[in-house]
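Single-structure report; data block below.
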Amino acid sequence: MSISTTSATLKKEISSLHYISQGVGGDAHLEHIERVLNAGCNWVQLRMKNTPYEEVLETAYKAKIRCDEYNAQLIINDNVSIVQEVGAAGVHLGQHDMSTAEARKILGESKIIGATANTLEQCVDHLKNGVDYIGVGPLRFTSTKEKLSPLLGFAGYSNLLQSYKQNQHTVPLIAIGGITSSDFEKLKYCGVDGIAVSGLLAQPNPEEIIKQVFSLWQTH
């Protein structure tokens, strides 16, 4: 992992490549997680929307074991209770989930808290609440998101990043939403600190994609 960010007095490392799990049922999520970990990924977000709590919890326990074996971080989408129960590294919160301020109160300073944003104003709100990274997007349309925010495109990323860095904000911004491997260099040029992907790592050679990201952002 690569990018250092400070929440209170604790320094945390945020990877430049976030894998967002996919699949129908816990076994499929775990199969994909195992595959990307074996290919070199060091950051997994377990994202099981519209799934019973107990199934997510059971999958999270198993995912935590796998991530520990590969010295990778496990982030739970939406649910701080599961973060606490399985001892995951942290939580990622969408715009319609629990507030990042409330999550920090519950999880304390040691856990990683990431959040989704679509505008500079939303980024600033998250920064006030002590997030460790912000997932900014979407770049383009993605079928994995039910309530899709306005598309940013490359121009949107460039404009947002320019304003963000002019205000000397240093919390990493991770691009998300419909990203393909041909977008990596353009997104790096826009100034993002990494990318989050799902189906992209389901391709035949995830190792090559992972190496490309780590090489481009000079990490790992």
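In the structure tokens, the first chain shown is A, the next is B, and so on; residue numbers restart at 1 for each chain, and ligands run from 1 in the order shown.
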
Shell around Tyr70 (chain A) at 8 Å using only C-alpha atoms, local window under 4 positions removed, as a ChimeraX atom specification: /A:37-38,42,66

Can you build me a table of region 11-127 of chain A residues sitting at most 9 Å from region 194-204 of chain A, with the closest atom pair per residue and its distance in Å to one decimal, using only C-alpha atoms, sorted by chain and residue number, as a Markdown table?
| residue | atom | partner | partner_atom | distance |
| --- | --- | --- | --- | --- |
| A:Ser15 | CA | A:Gly194 | CA | 7.3 |
| A:Ser16 | CA | A:Gly194 | CA | 4.0 |
| A:Leu17 | CA | A:Ile195 | CA | 5.3 |
| A:His18 | CA | A:Ala196 | CA | 4.4 |
| A:Tyr19 | CA | A:Val197 | CA | 5.4 |
| A:Ile20 | CA | A:Ser198 | CA | 4.8 |
| A:Ser21 | CA | A:Ser198 | CA | 6.1 |
| A:Gln22 | CA | A:Ser198 | CA | 6.6 |
| A:His32 | CA | A:Ala202 | CA | 7.4 |
| A:Arg35 | CA | A:Ala202 | CA | 8.6 |
| A:Val36 | CA | A:Leu201 | CA | 6.9 |

Residues near Gly40 (chain A), cut-off 10 Å, only C-alpha atoms, skip fewer than 3 positions along chain, as a ChimeraX atom specification: /A:35-37,43,70,72,206-211,214,220

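The shell of residues at most 6 Å from Arg140 (chain A), with only C-alpha atoms counted and near chain neighbours (fewer than 5 positions) removed, consists of A:Leu151, A:Gly177, A:Gly178.
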
Could I get the residues of region 151-195 of chain A with an atom no further than 10 Å from an atom of region 107-115 of chain A, each paired with its nearest atom pair and that distance in Å to one decimal, using only C-alpha atoms, sorted by chain and residue number, as a tab-separated table?
residue	atom	partner	partner_atom	distance
A:Pro172	CA	A:Gly114	CA	9.8
A:Leu173	CA	A:Gly114	CA	9.7
A:Ile174	CA	A:Gly114	CA	9.7

N, CA and C atoms of the current selection, written as a PDB file, in the first residue's frame:
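Generated output (out_30.pdb):
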ATOM      1  N   PRO A 172      -6.294  11.256   0.404  1.00  0.00           N
ATOM      2  CA  PRO A 172      -6.330  10.679  -0.943  1.00  0.00           C
ATOM      3  C   PRO A 172      -7.727  10.642  -1.557  1.00  0.00           C
ATOM      4  N   LEU A 173      -7.780  10.934  -2.852  1.00  0.00           N
ATOM      5  CA  LEU A 173      -9.005  10.812  -3.632  1.00  0.00           C
ATOM      6  C   LEU A 173      -8.854   9.629  -4.578  1.00  0.00           C
ATOM      7  N   ILE A 174      -9.786   8.694  -4.492  1.00  0.00           N
ATOM      8  CA  ILE A 174      -9.753   7.475  -5.293  1.00  0.00           C
ATOM      9  C   ILE A 174     -10.864   7.540  -6.334  1.00  0.00           C
TER      10      ILE A 174
END

Determine the nearest neighbour of Thr119 (chain A) from the options A:Tyr157, A:His96, A:Ser81, A:Ala103, counting only C-alpha atoms. A:Tyr157

Report the distance between CA of Ile75 (chain A) and CA of Ser181 (chain A) in Å, rounded to one decimal place.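 Computing the Euclidean distance for CA of Ile75 (chain A) and CA of Ser181 (chain A) yields 23.0 Å.
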
Residues of region 158-197 of chain A in strand (DSSP E or B) according to DSSP, as a list of chain:residue names? A:Leu173, A:Ile174, A:Ala175, A:Ile176, A:Gly194, A:Ile195, A:Ala196, A:Val197

Create the file for the chosen residues now, containing C-alpha atoms and written as a PDB file, in the first residue's frame.
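Output saved as selection_0.pdb:
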ATOM      1  CA  LEU A 173      -9.005  10.812  -3.632  1.00  0.00           C
ATOM      2  CA  ILE A 174      -9.753   7.475  -5.293  1.00  0.00           C
ATOM      3  CA  ALA A 175     -11.505   7.470  -8.682  1.00  0.00           C
ATOM      4  CA  ILE A 176     -14.449   5.118  -9.056  1.00  0.00           C
ATOM      5  CA  GLY A 194      -5.680   5.720  -7.105  1.00  0.00           C
ATOM      6  CA  ILE A 195      -8.630   3.835  -8.515  1.00  0.00           C
ATOM      7  CA  ALA A 196     -11.410   1.555  -7.309  1.00  0.00           C
ATOM      8  CA  VAL A 197     -12.589  -1.223  -9.608  1.00  0.00           C
TER       9      VAL A 197
END

CA of Gln166 (chain A) to CA of Glu121 (chain A), straight-line distance in Å: 14.0 Å

As a ChimeraX atom specification, please: all residues of region 37-216 of chain A that backbone DSSP puts in alpha helix (DSSP H). /A:37-38,53-69,80-86,100-107,120-128,153-166,184-190,206-216

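Once Cys190 (chain A) and its same-chain neighbours fewer than 6 positions away are set aside, Phe154, Tyr157, Ser158 and Leu161 of chain A remain within 8 Å of it when counting only C-alpha atoms.
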
Taken to one decimal, the CA of Gly26 (chain A)-CA of Glu54 (chain A) distance is 10.6 Å

Nearest residue to Asp193 (chain A) out of A:Ala155, A:Val136, A:Cys41, A:Cys67, using only C-alpha atoms?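 Ranking A:Ala155, A:Val136, A:Cys41, A:Cys67 by distance to Asp193 (chain A), first place goes to A:Val136.
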
Which residue, A:Lys12, A:Glu55, A:Tyr133, A:Ala63, has the smallest gap to Ile33 (chain A) when you use only C-alpha atoms? A:Ala63

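Among the candidates A:His29, A:Lys62, A:Lys188, A:Arg104, the residue lying nearest to Asp132 (chain A) is A:Arg104 (atoms considered: only C-alpha atoms).
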
Nearest-residue call for Asn77 (chain A), choices A:Gln45, A:Thr51, A:Gln122, A:Thr59, using only C-alpha atoms: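 Of A:Gln45, A:Thr51, A:Gln122, A:Thr59, the one nearest Asn77 (chain A), counting only C-alpha atoms, is A:Gln45.
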